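Asks: See protein_2.txt below, with compact mmCIF, C-alpha atoms and all ligand atoms.
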```txt
# COMPACT_ATOMS: atom_id res chain seq x y z
CA MET A 1 -181.92 -26.75 -175.69
CA LYS A 2 -179.61 -23.78 -175.17
CA LYS A 3 -176.59 -24.16 -177.46
CA VAL A 4 -173.49 -22.58 -175.93
CA MET A 5 -170.05 -22.34 -177.52
CA ILE A 6 -167.16 -22.65 -175.08
CA THR A 7 -163.77 -21.75 -176.53
CA GLY A 8 -160.69 -23.28 -174.91
CA GLY A 9 -162.79 -26.07 -173.41
CA ALA A 10 -159.86 -28.53 -173.43
CA GLY A 11 -157.75 -26.33 -171.11
CA PHE A 12 -157.59 -26.39 -167.33
CA ILE A 13 -160.59 -24.15 -166.55
CA GLY A 14 -162.53 -25.18 -169.69
CA VAL A 15 -162.45 -28.86 -168.73
CA ASN A 16 -163.69 -28.08 -165.22
CA LEU A 17 -166.33 -25.69 -166.61
CA ILE A 18 -167.68 -28.23 -169.10
CA ARG A 19 -167.88 -30.92 -166.42
CA TYR A 20 -169.69 -28.46 -164.14
CA ILE A 21 -172.21 -27.39 -166.84
CA LEU A 22 -172.99 -30.93 -168.01
CA ALA A 23 -173.79 -31.83 -164.39
CA GLU A 24 -175.76 -28.67 -163.53
CA LYS A 25 -177.45 -27.56 -166.77
CA PRO A 26 -179.25 -30.47 -168.48
CA ASP A 27 -180.89 -28.11 -171.00
CA TRP A 28 -177.58 -26.75 -172.39
CA HIS A 29 -175.71 -28.20 -175.35
CA ILE A 30 -171.99 -27.42 -175.22
CA ILE A 31 -169.90 -26.87 -178.35
CA ASN A 32 -166.30 -27.16 -177.14
CA PHE A 33 -164.21 -25.23 -179.69
CA ASP A 34 -160.50 -25.73 -179.08
CA MET A 35 -157.38 -25.86 -181.24
CA LEU A 36 -155.61 -28.38 -178.97
CA THR A 37 -152.39 -26.47 -178.38
CA TYR A 38 -149.90 -28.02 -175.94
CA ALA A 39 -152.30 -26.86 -173.15
CA GLY A 40 -155.43 -28.60 -174.49
CA ASN A 41 -156.11 -32.08 -173.22
CA LEU A 42 -159.19 -34.01 -174.31
CA ALA A 43 -158.18 -36.95 -172.12
CA SER A 44 -159.51 -34.81 -169.25
CA LEU A 45 -162.98 -34.97 -170.84
CA ALA A 46 -162.93 -38.67 -171.81
CA SER A 47 -165.71 -39.56 -169.36
CA VAL A 48 -168.13 -37.01 -170.89
CA GLU A 49 -167.22 -37.22 -174.59
CA LYS A 50 -170.28 -39.38 -175.37
CA ASN A 51 -172.69 -37.13 -173.46
CA PRO A 52 -175.44 -36.14 -175.98
CA ASN A 53 -175.23 -32.55 -174.70
CA TYR A 54 -171.57 -32.25 -175.70
CA THR A 55 -169.81 -31.78 -179.06
CA PHE A 56 -166.11 -31.19 -179.67
CA VAL A 57 -164.90 -29.11 -182.64
CA ARG A 58 -161.19 -28.69 -183.25
CA GLY A 59 -160.55 -25.17 -184.51
CA ASP A 60 -158.54 -21.98 -184.10
CA VAL A 61 -160.25 -18.83 -182.76
CA THR A 62 -158.34 -16.78 -185.35
CA ASP A 63 -159.93 -18.77 -188.20
CA THR A 64 -163.05 -16.78 -189.17
CA ASP A 65 -164.68 -19.58 -191.21
CA ALA A 66 -164.18 -22.22 -188.52
CA VAL A 67 -165.51 -19.88 -185.83
CA ASN A 68 -168.59 -19.00 -187.91
CA ARG A 69 -169.38 -22.65 -188.59
CA ALA A 70 -169.12 -23.57 -184.92
CA MET A 71 -171.15 -20.56 -183.73
CA LYS A 72 -174.15 -21.30 -185.96
CA ASP A 73 -177.39 -21.45 -183.90
CA CYS A 74 -175.58 -20.77 -180.64
CA TRP A 75 -177.38 -18.80 -177.93
CA GLY A 76 -174.22 -17.66 -176.21
CA VAL A 77 -170.43 -17.80 -176.17
CA MET A 78 -168.11 -18.33 -173.19
CA HIS A 79 -164.66 -17.29 -174.42
CA LEU A 80 -161.82 -18.94 -172.51
CA ALA A 81 -159.35 -19.90 -175.27
CA ALA A 82 -156.03 -18.18 -174.67
CA GLU A 83 -152.33 -18.54 -174.48
CA SER A 84 -152.12 -18.41 -170.70
CA HIS A 85 -148.60 -18.96 -169.36
CA VAL A 86 -146.80 -15.74 -168.36
CA ASP A 87 -143.28 -17.23 -168.74
CA ARG A 88 -144.04 -18.32 -172.31
CA SER A 89 -145.31 -14.80 -173.09
CA ILE A 90 -141.98 -13.35 -171.91
CA ASP A 91 -140.08 -15.76 -174.19
CA ASP A 92 -142.31 -15.10 -177.22
CA PRO A 93 -145.23 -12.61 -177.10
CA GLY A 94 -146.37 -13.27 -180.71
CA PRO A 95 -148.77 -16.19 -180.14
CA PHE A 96 -150.29 -14.29 -177.19
CA LEU A 97 -151.22 -11.31 -179.34
CA ASN A 98 -152.51 -13.57 -182.08
CA THR A 99 -154.80 -15.73 -179.94
CA ASN A 100 -155.73 -13.38 -177.09
CA VAL A 101 -156.25 -10.21 -179.16
CA ILE A 102 -156.92 -11.15 -182.80
CA GLY A 103 -158.72 -14.34 -181.78
CA THR A 104 -161.00 -12.36 -179.46
CA GLN A 105 -161.74 -9.83 -182.20
CA LYS A 106 -162.69 -12.63 -184.63
CA LEU A 107 -165.03 -14.15 -182.06
CA LEU A 108 -166.64 -10.80 -181.27
CA ASP A 109 -167.21 -10.14 -184.98
CA ALA A 110 -168.74 -13.59 -185.45
CA ALA A 111 -170.91 -13.05 -182.36
CA ARG A 112 -172.34 -9.89 -183.93
CA GLY A 113 -173.14 -11.72 -187.14
CA HIS A 114 -174.84 -14.62 -185.34
CA LYS A 115 -176.84 -12.31 -183.04
CA ILE A 116 -175.40 -14.00 -179.98
CA GLU A 117 -177.50 -13.20 -176.89
CA LYS A 118 -174.67 -13.35 -174.31
CA PHE A 119 -170.89 -13.19 -174.80
CA LEU A 120 -168.75 -13.87 -171.73
CA GLN A 121 -165.17 -12.64 -171.98
CA VAL A 122 -163.12 -14.59 -169.44
CA SER A 123 -160.45 -12.19 -168.23
CA THR A 124 -158.01 -12.12 -165.33
CA ASP A 125 -156.95 -10.13 -162.26
CA GLU A 126 -153.59 -9.61 -164.00
CA VAL A 127 -155.15 -6.83 -166.13
CA TYR A 128 -155.04 -4.59 -163.03
CA GLY A 129 -151.26 -4.90 -162.58
CA SER A 130 -149.65 -5.16 -159.18
CA LEU A 131 -150.66 -4.02 -155.67
CA SER A 132 -148.31 -3.06 -152.89
CA LYS A 133 -148.59 -4.63 -149.45
CA ASP A 134 -151.13 -2.23 -147.90
CA ASP A 135 -153.24 -1.38 -150.96
CA PRO A 136 -156.93 -2.38 -150.81
CA PRO A 137 -157.91 -5.29 -153.10
CA PHE A 138 -158.78 -4.56 -156.75
CA THR A 139 -162.33 -3.44 -157.50
CA GLU A 140 -163.81 -3.33 -161.01
CA ASP A 141 -163.09 0.42 -161.04
CA ASN A 142 -159.31 0.08 -160.69
CA HIS A 143 -157.44 1.30 -163.72
CA LEU A 144 -155.92 -1.36 -165.97
CA ASP A 145 -152.13 -1.53 -165.76
CA PRO A 146 -150.83 -4.87 -167.10
CA ASN A 147 -147.14 -5.71 -166.78
CA SER A 148 -146.48 -8.87 -168.84
CA PRO A 149 -147.11 -9.58 -172.54
CA TYR A 150 -149.69 -12.15 -171.32
CA SER A 151 -151.60 -9.66 -169.17
CA ALA A 152 -151.29 -6.92 -171.82
CA SER A 153 -152.82 -9.25 -174.42
CA LYS A 154 -155.63 -10.25 -172.02
CA THR A 155 -156.27 -6.55 -171.26
CA SER A 156 -156.58 -5.88 -174.99
CA GLY A 157 -159.12 -8.70 -175.38
CA ASP A 158 -161.03 -7.45 -172.33
CA LEU A 159 -161.14 -3.87 -173.70
CA LEU A 160 -162.17 -5.04 -177.16
CA ALA A 161 -165.09 -6.93 -175.63
CA LYS A 162 -166.12 -3.78 -173.70
CA ALA A 163 -165.79 -1.71 -176.89
CA TYR A 164 -168.01 -4.10 -178.88
CA HIS A 165 -170.69 -3.59 -176.23
CA ALA A 166 -170.37 0.20 -176.31
CA THR A 167 -170.06 0.47 -180.10
CA TYR A 168 -172.31 -2.26 -181.47
CA GLY A 169 -174.49 -3.10 -178.46
CA LEU A 170 -173.13 -6.66 -178.36
CA PRO A 171 -174.38 -8.24 -175.09
CA VAL A 172 -170.98 -8.70 -173.49
CA VAL A 173 -170.15 -9.49 -169.84
CA ILE A 174 -166.60 -9.68 -168.52
CA SER A 175 -165.24 -11.74 -165.63
CA ARG A 176 -161.86 -11.08 -164.01
CA CYS A 177 -160.64 -13.85 -161.77
CA SER A 178 -157.66 -14.50 -159.53
CA ASN A 179 -155.28 -17.53 -159.61
CA ASN A 180 -157.10 -20.87 -159.95
CA TYR A 181 -156.06 -24.24 -158.59
CA GLY A 182 -157.62 -27.70 -158.78
CA PRO A 183 -157.64 -30.83 -160.97
CA TYR A 184 -156.50 -30.97 -164.63
CA GLN A 185 -154.09 -28.02 -164.58
CA PHE A 186 -151.10 -28.25 -166.93
CA PRO A 187 -148.03 -29.15 -164.82
CA GLU A 188 -146.07 -26.03 -165.86
CA LYS A 189 -148.18 -23.95 -163.43
CA LEU A 190 -147.09 -23.45 -159.81
CA ILE A 191 -149.30 -25.84 -157.82
CA PRO A 192 -149.21 -28.95 -160.11
CA LEU A 193 -145.49 -28.36 -160.78
CA LEU A 194 -144.84 -28.19 -157.07
CA ILE A 195 -146.76 -31.39 -156.32
CA ASN A 196 -145.18 -33.26 -159.21
CA ASN A 197 -141.62 -32.20 -158.35
CA ALA A 198 -142.09 -32.85 -154.62
CA LYS A 199 -143.45 -36.31 -155.35
CA GLN A 200 -140.19 -37.10 -157.18
CA ASP A 201 -137.98 -35.25 -154.64
CA LYS A 202 -136.95 -32.84 -157.40
CA PRO A 203 -136.05 -29.18 -156.60
CA ILE A 204 -138.99 -26.73 -156.38
CA PRO A 205 -137.99 -23.54 -158.26
CA VAL A 206 -139.14 -20.38 -156.44
CA TYR A 207 -138.92 -17.01 -158.20
CA GLY A 208 -137.01 -14.22 -156.38
CA ASP A 209 -137.67 -14.16 -152.63
CA GLY A 210 -140.98 -16.08 -152.97
CA MET A 211 -142.81 -13.18 -151.27
CA GLN A 212 -145.24 -12.56 -154.15
CA VAL A 213 -148.85 -12.62 -152.95
CA ARG A 214 -151.62 -14.36 -154.91
CA ASP A 215 -155.31 -14.74 -154.10
CA TRP A 216 -156.11 -18.43 -154.73
CA ILE A 217 -159.52 -19.67 -155.86
CA TYR A 218 -160.62 -23.28 -156.27
CA VAL A 219 -161.49 -23.84 -159.93
CA THR A 220 -165.06 -25.07 -159.21
CA ASP A 221 -165.84 -21.79 -157.47
CA HIS A 222 -164.61 -19.93 -160.56
CA CYS A 223 -166.73 -22.13 -162.87
CA ARG A 224 -169.88 -21.57 -160.80
CA GLY A 225 -169.16 -17.83 -160.91
CA LEU A 226 -168.70 -17.90 -164.69
CA VAL A 227 -172.12 -19.54 -165.14
CA ASP A 228 -173.72 -17.01 -162.76
CA ILE A 229 -172.19 -14.07 -164.66
CA PHE A 230 -173.11 -15.60 -168.02
CA GLU A 231 -176.74 -16.14 -166.98
CA LYS A 232 -177.43 -13.22 -164.67
CA GLY A 233 -174.67 -10.62 -165.13
CA ARG A 234 -175.72 -7.22 -166.50
CA THR A 235 -174.45 -6.70 -170.03
CA GLY A 236 -171.60 -4.24 -170.39
CA GLU A 237 -170.49 -4.95 -166.81
CA VAL A 238 -167.30 -6.39 -165.32
CA TYR A 239 -167.36 -8.78 -162.34
CA ASN A 240 -164.32 -9.64 -160.19
CA LEU A 241 -163.97 -13.10 -158.65
CA GLY A 242 -161.43 -14.01 -156.00
CA GLY A 243 -161.00 -16.77 -153.46
CA ASN A 244 -160.53 -14.62 -150.33
CA SER A 245 -157.26 -16.55 -149.83
CA GLU A 246 -154.29 -14.23 -150.13
CA MET A 247 -151.00 -16.00 -149.57
CA TYR A 248 -147.26 -15.60 -150.12
CA ASN A 249 -145.99 -18.06 -152.75
CA LEU A 250 -143.38 -19.29 -150.29
CA ASP A 251 -146.00 -20.03 -147.61
CA LEU A 252 -148.11 -21.88 -150.15
CA ILE A 253 -145.13 -24.00 -151.17
CA LYS A 254 -144.26 -24.79 -147.54
CA LEU A 255 -147.88 -25.73 -146.83
CA VAL A 256 -148.01 -28.19 -149.76
CA LEU A 257 -144.64 -29.70 -148.82
CA LYS A 258 -145.93 -30.21 -145.26
CA GLU A 259 -149.11 -31.82 -146.58
CA MET A 260 -146.97 -34.19 -148.68
CA LYS A 261 -144.54 -34.80 -145.79
CA LYS A 262 -141.64 -33.53 -147.89
CA SER A 263 -138.63 -31.51 -146.78
CA GLU A 264 -138.40 -27.73 -147.27
CA SER A 265 -134.85 -28.36 -148.47
CA LEU A 266 -136.38 -29.02 -151.92
CA ILE A 267 -137.06 -25.26 -152.20
CA THR A 268 -134.60 -23.69 -154.64
CA PHE A 269 -134.62 -19.93 -155.16
CA VAL A 270 -134.14 -18.90 -158.80
CA LYS A 271 -133.75 -15.49 -160.55
CA ASP A 272 -137.02 -13.55 -160.39
CA ARG A 273 -139.36 -13.46 -163.41
CA LEU A 274 -139.02 -10.23 -165.44
CA GLY A 275 -141.72 -7.69 -164.53
CA HIS A 276 -143.02 -10.04 -161.81
CA ASP A 277 -146.17 -8.60 -160.17
CA ARG A 278 -145.81 -8.42 -156.39
CA ARG A 279 -149.37 -8.80 -155.20
CA TYR A 280 -152.87 -9.46 -156.54
CA ALA A 281 -156.02 -9.38 -154.40
CA MET A 282 -159.66 -9.22 -155.44
CA ASP A 283 -162.66 -7.46 -153.93
CA ASN A 284 -165.75 -9.66 -154.50
CA SER A 285 -168.34 -7.15 -153.22
CA LYS A 286 -169.99 -6.49 -156.59
CA ILE A 287 -170.62 -10.10 -157.62
CA THR A 288 -171.68 -11.02 -154.09
CA SER A 289 -174.20 -8.19 -153.77
CA GLU A 290 -175.56 -8.41 -157.34
CA LEU A 291 -175.47 -12.14 -158.08
CA GLY A 292 -175.16 -13.73 -154.64
CA TRP A 293 -171.90 -15.48 -155.58
CA GLU A 294 -169.24 -16.21 -152.96
CA PRO A 295 -166.37 -18.70 -152.95
CA GLN A 296 -167.57 -21.87 -151.19
CA PHE A 297 -164.32 -23.84 -150.92
CA LYS A 298 -161.95 -23.09 -148.04
CA PHE A 299 -158.31 -23.03 -149.12
CA GLU A 300 -157.20 -25.41 -146.33
CA ASP A 301 -159.64 -28.10 -147.54
CA ALA A 302 -159.42 -27.57 -151.30
CA ILE A 303 -155.61 -27.60 -151.40
CA LYS A 304 -155.68 -31.03 -149.69
CA MET A 305 -158.23 -32.25 -152.29
CA THR A 306 -155.95 -30.89 -155.02
CA VAL A 307 -152.78 -32.55 -153.70
CA ASN A 308 -154.66 -35.86 -153.43
CA TRP A 309 -156.06 -35.51 -156.94
CA TYR A 310 -152.58 -35.12 -158.51
CA LEU A 311 -151.11 -37.93 -156.43
CA ASN A 312 -153.99 -40.22 -157.45
CA ASN A 313 -153.76 -39.23 -161.12
CA LEU A 314 -150.07 -39.62 -161.88
CA ASP A 315 -150.91 -41.34 -165.19
CA TRP A 316 -152.72 -38.19 -166.28
CA VAL A 317 -149.74 -36.02 -165.22
CA ASN A 318 -147.20 -38.23 -167.00
CA GLN A 319 -149.31 -38.39 -170.15
CA VAL A 320 -149.59 -34.61 -170.22
CA ILE A 321 -145.87 -34.09 -169.66
CA SER A 322 -144.90 -36.59 -172.37
CA GLY A 323 -147.32 -35.02 -174.90
CA ASP A 324 -148.63 -38.48 -175.91
CA TYR A 325 -152.27 -37.53 -175.38
CA LEU A 326 -151.90 -34.54 -177.71
CA GLU A 327 -150.70 -36.53 -180.70
CA TYR A 328 -153.44 -39.11 -180.13
CA TYR A 329 -156.27 -36.55 -180.11
CA LYS A 330 -154.79 -34.46 -182.93
CA ARG A 331 -154.91 -37.57 -185.14
CA GLN A 332 -158.54 -38.14 -184.12
CA TYR A 333 -159.71 -34.58 -184.69
CA VAL A 334 -158.59 -32.81 -187.84
CA GLU A 335 -158.87 -29.02 -187.65
CA ARG A 336 -162.13 -27.85 -189.26
N1 LIG B 401 -155.68 -20.35 -164.83
C1 LIG B 401 -155.95 -19.25 -164.11
O1 LIG B 401 -155.57 -19.15 -162.94
C2 LIG B 401 -156.77 -18.12 -164.72
C3 LIG B 401 -157.19 -17.07 -163.91
C4 LIG B 401 -157.99 -16.05 -164.46
C5 LIG B 401 -158.34 -16.10 -165.80
N2 LIG B 401 -157.90 -17.13 -166.58
C6 LIG B 401 -158.31 -17.15 -168.00
O2 LIG B 401 -159.14 -18.29 -168.17
C7 LIG B 401 -158.98 -18.82 -169.48
C8 LIG B 401 -158.61 -20.28 -169.42
O3 LIG B 401 -157.40 -20.43 -168.68
P1 LIG B 401 -156.72 -21.86 -168.49
O4 LIG B 401 -155.88 -21.78 -167.26
O5 LIG B 401 -157.76 -22.91 -168.60
O6 LIG B 401 -155.77 -21.91 -169.78
P2 LIG B 401 -155.11 -23.17 -170.47
O7 LIG B 401 -153.82 -22.68 -171.05
O8 LIG B 401 -155.06 -24.33 -169.55
O9 LIG B 401 -156.09 -23.55 -171.66
C9 LIG B 401 -156.24 -22.76 -172.81
C10 LIG B 401 -157.00 -23.56 -173.85
O10 LIG B 401 -157.18 -22.72 -175.00
C11 LIG B 401 -156.87 -23.47 -176.18
N3 LIG B 401 -156.39 -22.54 -177.19
C12 LIG B 401 -155.23 -21.82 -177.18
N4 LIG B 401 -155.11 -21.12 -178.32
C13 LIG B 401 -156.22 -21.38 -179.07
C14 LIG B 401 -156.67 -20.94 -180.34
N5 LIG B 401 -155.95 -20.08 -181.08
N6 LIG B 401 -157.86 -21.40 -180.78
C15 LIG B 401 -158.60 -22.27 -180.05
N7 LIG B 401 -158.20 -22.75 -178.85
C16 LIG B 401 -157.02 -22.30 -178.36
C17 LIG B 401 -155.80 -24.47 -175.73
O11 LIG B 401 -155.75 -25.59 -176.60
C18 LIG B 401 -156.28 -24.82 -174.32
O12 LIG B 401 -157.17 -25.91 -174.35
C19 LIG B 401 -157.91 -17.95 -170.16
O13 LIG B 401 -158.56 -17.00 -170.95
C20 LIG B 401 -157.18 -17.30 -168.99
O14 LIG B 401 -156.64 -16.06 -169.37
C21 LIG B 401 -157.13 -18.15 -166.07
```
Please express what this file holds, its structure, as C-alpha cells.
Replies:
Amino acid sequence: MKKVMITGGAGFIGVNLIRYILAEKPDWHIINFDMLTYAGNLASLASVEKNPNYTFVRGDVTDTDAVNRAMKDCWGVMHLAAESHVDRSIDDPGPFLNTNVIGTQKLLDAARGHKIEKFLQVSTDEVYGSLSKDDPPFTEDNHLDPNSPYSASKTSGDLLAKAYHATYGLPVVISRCSNNYGPYQFPEKLIPLLINNAKQDKPIPVYGDGMQVRDWIYVTDHCRGLVDIFEKGRTGEVYNLGGNSEMYNLDLIKLVLKEMKKSESLITFVKDRLGHDRRYAMDNSKITSELGWEPQFKFEDAIKMTVNWYLNNLDWVNQVISGDYLEYYKRQYVER
C-alpha cells in the first residue's frame, strides 16, 4: 500500500482528487489532512468516508506536530491546502501568507524529515500574472509576476518548493493549473455563484466590463494531471495544465444563462476587482509531450454537466451556504 498525504482534501479540488484516486488507485491509502476552514466540506466525501483506503485527519498545515504525526510512513505528499479566494485575499492578506507560505514551509520541512519520495506542490496559473490579448499562452519558462495577495502567496509557496529541491534535494514537482470548474466548488466562485444566483433569478455580479479571459479546465482533467505529475513528473520540474478553453467571463456567463434558459437582464456590472488580471492562458506542450496528458473534457459538454450537477444538488449548495455542514463536522473531528 502506498500511503499518500493529501492536504486540503476537503476543498473543491481535493474532494474531486480523492474521489478520483480511490476509484483509480486501489493500492494507495489516502490521508486527507485538512483544517476544515469555511472552504472545507466533508459532506462532499460522505460516500467514501468508510473506504478502507481513506483516513481523515483534521489539522492545520502550520502546526508542525500535527503535520509530522500525519506524515508518518507516507510515501508522498500532494499539497493542495490553501486559502484560495482572491477577493478574500484583497480584504485580508494575513491568512493567505500564513497558510500558503508558512504552511508550505512547514510541510516541506516535515517532508525532509520523513524522507518523502515525492512532494507535489499544487500551484496556479496566477503566479505568471496577466497576459495581454495577443500574447502567446504561458509556458513554464515565463517569469513569475503575481498581482494579488493570493497569487503572491501561491508564488512564494511555489518558489519555496523549488528551493527545497535545489537546496536539500527534496523530490519536489510543481503543477500550475488554470481555472477549474465542476462539482463541489464553494458557491463564492464564479461558476457555482452564477448558477445559484440564476436559479433564484438573483443578479449576477460581473466585475468591470466582463472582458477578462480565463482558460477553463474541468476539475477531473486537473485531477488526472495531478496524479500523472505526481507519479511520472521529473523532480525539480514545473508542469502547466490548462483546458484549451479560453473565454471572456461575459461570454461564459451568457452561455450558462442560455443553458439555464434565464434572461441576460440578470447580468449586473459591478466595480472591477483591484489589480484584476486581464487574461490567463496556458501552453500544455510540456506535459503533453513528456507525460502524454491532455484535457479530455470539451468545455461545451462539461459546462452542461456542471450546470446539471448544481441544479440536482441544491441541498448540498444550501448546506454549504448556511455553514451547517461545517459545524457538524467540526464537532465530529477535533483538531489533532
Ligand atoms: N480552484 C482553482 O481553479 C485552482 C486552480 C489552480 C490551482 N488551484 C490550487 O489548488 C488548491 C486547491 O484549490 P481549491 O479550489 O480546492 O481550494 P478550496 O478553497 O476549495 O479548498 C482549500 C482547502 O484547504 C483547507 N485549508 C485551508 N487552510 C488550511 C490549513 N491552514 N491547514 C489545513 N487545511 C487548510 C480548507 O479547509 C479547504 O478544504 C489550492 O492550492 C489552489 O491554489 C486551484
Asks: What residues have any atom no more than 6 Å from ligand LIG 401 (chain B) when counting only C-alpha atoms and all ligand atoms, and can you list them as a ChimeraX atom specification?
Replies: /A:8-14,34-37,39-40,59-62,80-84,99,122-124,177-180
Asks: Can you measure atom CA of Val15 of chain A to atom CA of Tyr54 of chain A for me? One decimal in Å is fine.
Replies: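 The value is 12.0 Å.
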Asks: To one decimal place, how far is atom CA of Phe230 of chain A from atom CA of Tyr128 of chain A in Å?
Replies: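 Those two atoms sit 21.7 Å apart.
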Asks: May I ask for the distance between atom CA of Leu326 of chain A and atom CA of Val77 of chain A, given in Å to one decimal place?
Replies: 25.0 Å
Asks: Which residue out of A:Val48, A:Leu159, A:Ala166, A:Ile31 has the minimum interatomic distance to Asn100 of chain A when all atoms listed in the file are used?
Replies: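 Closest residue, counting all atoms listed in the file: A:Leu159.
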Asks: Compare A:Lys133, A:Lys3, A:Lys118, A:Lys154 by their minimum atom-to-atom distance to Leu97 of chain A, counting only C-alpha atoms, and give me the closest one.
Replies: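 Going through A:Lys133, A:Lys3, A:Lys118, A:Lys154 one by one, the smallest distance to Leu97 of chain A is for A:Lys154.
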Asks: Point out the residue among A:Asp277, A:Arg88, A:Gly236, A:Ser47 with the least atom-to-atom distance to Asn147 of chain A, counting only C-alpha atoms.
Replies: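 Smallest separation from Asn147 of chain A among the options: A:Asp277.
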Asks: I'd like the contact shell of Tyr239 of chain A - 9 Å cut-off, only C-alpha atoms, skipping same-chain residues fewer than 3 positions apart - returned as a list of chain:residue names.
Replies: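 My list of contacting residues is A:Thr139, A:Glu140, A:Val173, A:Ile174, A:Ser175, A:Arg176, A:Cys177, A:Ile229, A:Gly233, A:Asn284, A:Lys286, A:Ile287.
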Asks: Filtering to C-alpha atoms, could you give me those residues as a compact mmCIF listing (two decimals), in the frame of the given file?
Replies:
```txt
# COMPACT_ATOMS: atom_id res chain seq x y z
CA THR A 139 -162.33 -3.44 -157.50
CA GLU A 140 -163.81 -3.33 -161.01
CA VAL A 173 -170.15 -9.49 -169.84
CA ILE A 174 -166.60 -9.68 -168.52
CA SER A 175 -165.24 -11.74 -165.63
CA ARG A 176 -161.86 -11.08 -164.01
CA CYS A 177 -160.64 -13.85 -161.77
CA ILE A 229 -172.19 -14.07 -164.66
CA GLY A 233 -174.67 -10.62 -165.13
CA ASN A 284 -165.75 -9.66 -154.50
CA LYS A 286 -169.99 -6.49 -156.59
CA ILE A 287 -170.62 -10.10 -157.62
```
Asks: Closest to Ile303 of chain A among A:Pro171, A:Pro137, A:Gly210, A:Pro192, using only C-alpha atoms?
Replies: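 Of A:Pro171, A:Pro137, A:Gly210, A:Pro192, the one nearest Ile303 of chain A is A:Pro192, counting only C-alpha atoms.
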Asks: (-150.3, -16.5, -167.6) in this file's frame - what residues fall within 9 Å of it? Use only C-alpha atoms and give the answer as number ranges by chain.
Replies: A: 83-89, 126, 148, 150-151, 189
Asks: Please determine, counting all atoms listed in the file, which residue among A:Val67, A:Leu241, A:Leu45, A:Met5 has the shortest atom-to-atom distance to Ser285 of chain A.
Replies: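 Checking each of A:Val67, A:Leu241, A:Leu45, A:Met5 against Ser285 of chain A, counting all atoms listed in the file, the winner is A:Leu241.
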Asks: Please list as a PyMOL selection string every residue within 12 Å of Asn51 of chain A, counting all atoms listed in the file and excluding residues in the same chain fewer than 3 positions away.
Replies: chain A and resi 18-19+21-23+26+28-31+45-48+54-56
Asks: Determine, counting only C-alpha atoms, which protein, DNA and RNA residues have an atom within 10 Å of an atom of Lys298 of chain A; residues of the same chain fewer than 6 positions away are not included. Present the result as JSON, numbers by chain.
Replies: {"A": [217, 218, 243, 244, 245]}
Asks: Edge lengths and centre, in Å to one decimal, as lines of an AutoDock Vina configuration file: that's what I need for the box along x, y and z that holds all listed atoms of segment 98-112 of chain A plus 4 Å on each side.
Replies:
```
center_x = -162.4
center_y = -12.8
center_z = -181.3
size_x = 27.8
size_y = 13.9
size_z = 16.4
```
Asks: List the neighbours of Pro149 of chain A out to 7 Å using only C-alpha atoms; skip same-chain residues closer than 4 positions along the sequence, and give me the result as a VMD selection string.
Replies: chain A and resid 89 to 90 93 153
Asks: Please produce a file of those selected residues containing C-alpha atoms, as a PDB file, in the frame of the given file.
Replies:
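New file result08.pdb:
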```pdb
ATOM      1  CA  SER A  89    -145.310 -14.800-173.090  1.00  0.00           C
ATOM      2  CA  ILE A  90    -141.980 -13.350-171.910  1.00  0.00           C
ATOM      3  CA  PRO A  93    -145.230 -12.610-177.100  1.00  0.00           C
ATOM      4  CA  SER A 153    -152.820  -9.250-174.420  1.00  0.00           C
TER       5      SER A 153
END
```
Asks: For each of A:Phe119, A:Tyr184, A:Tyr38, A:Phe33, take the minimum atom-to-atom distance to Asn312 of chain A, counting all atoms listed in the file, then give the residue where this is smallest.
Replies: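 Of A:Phe119, A:Tyr184, A:Tyr38, A:Phe33, the one nearest Asn312 of chain A, counting all atoms listed in the file, is A:Tyr184.
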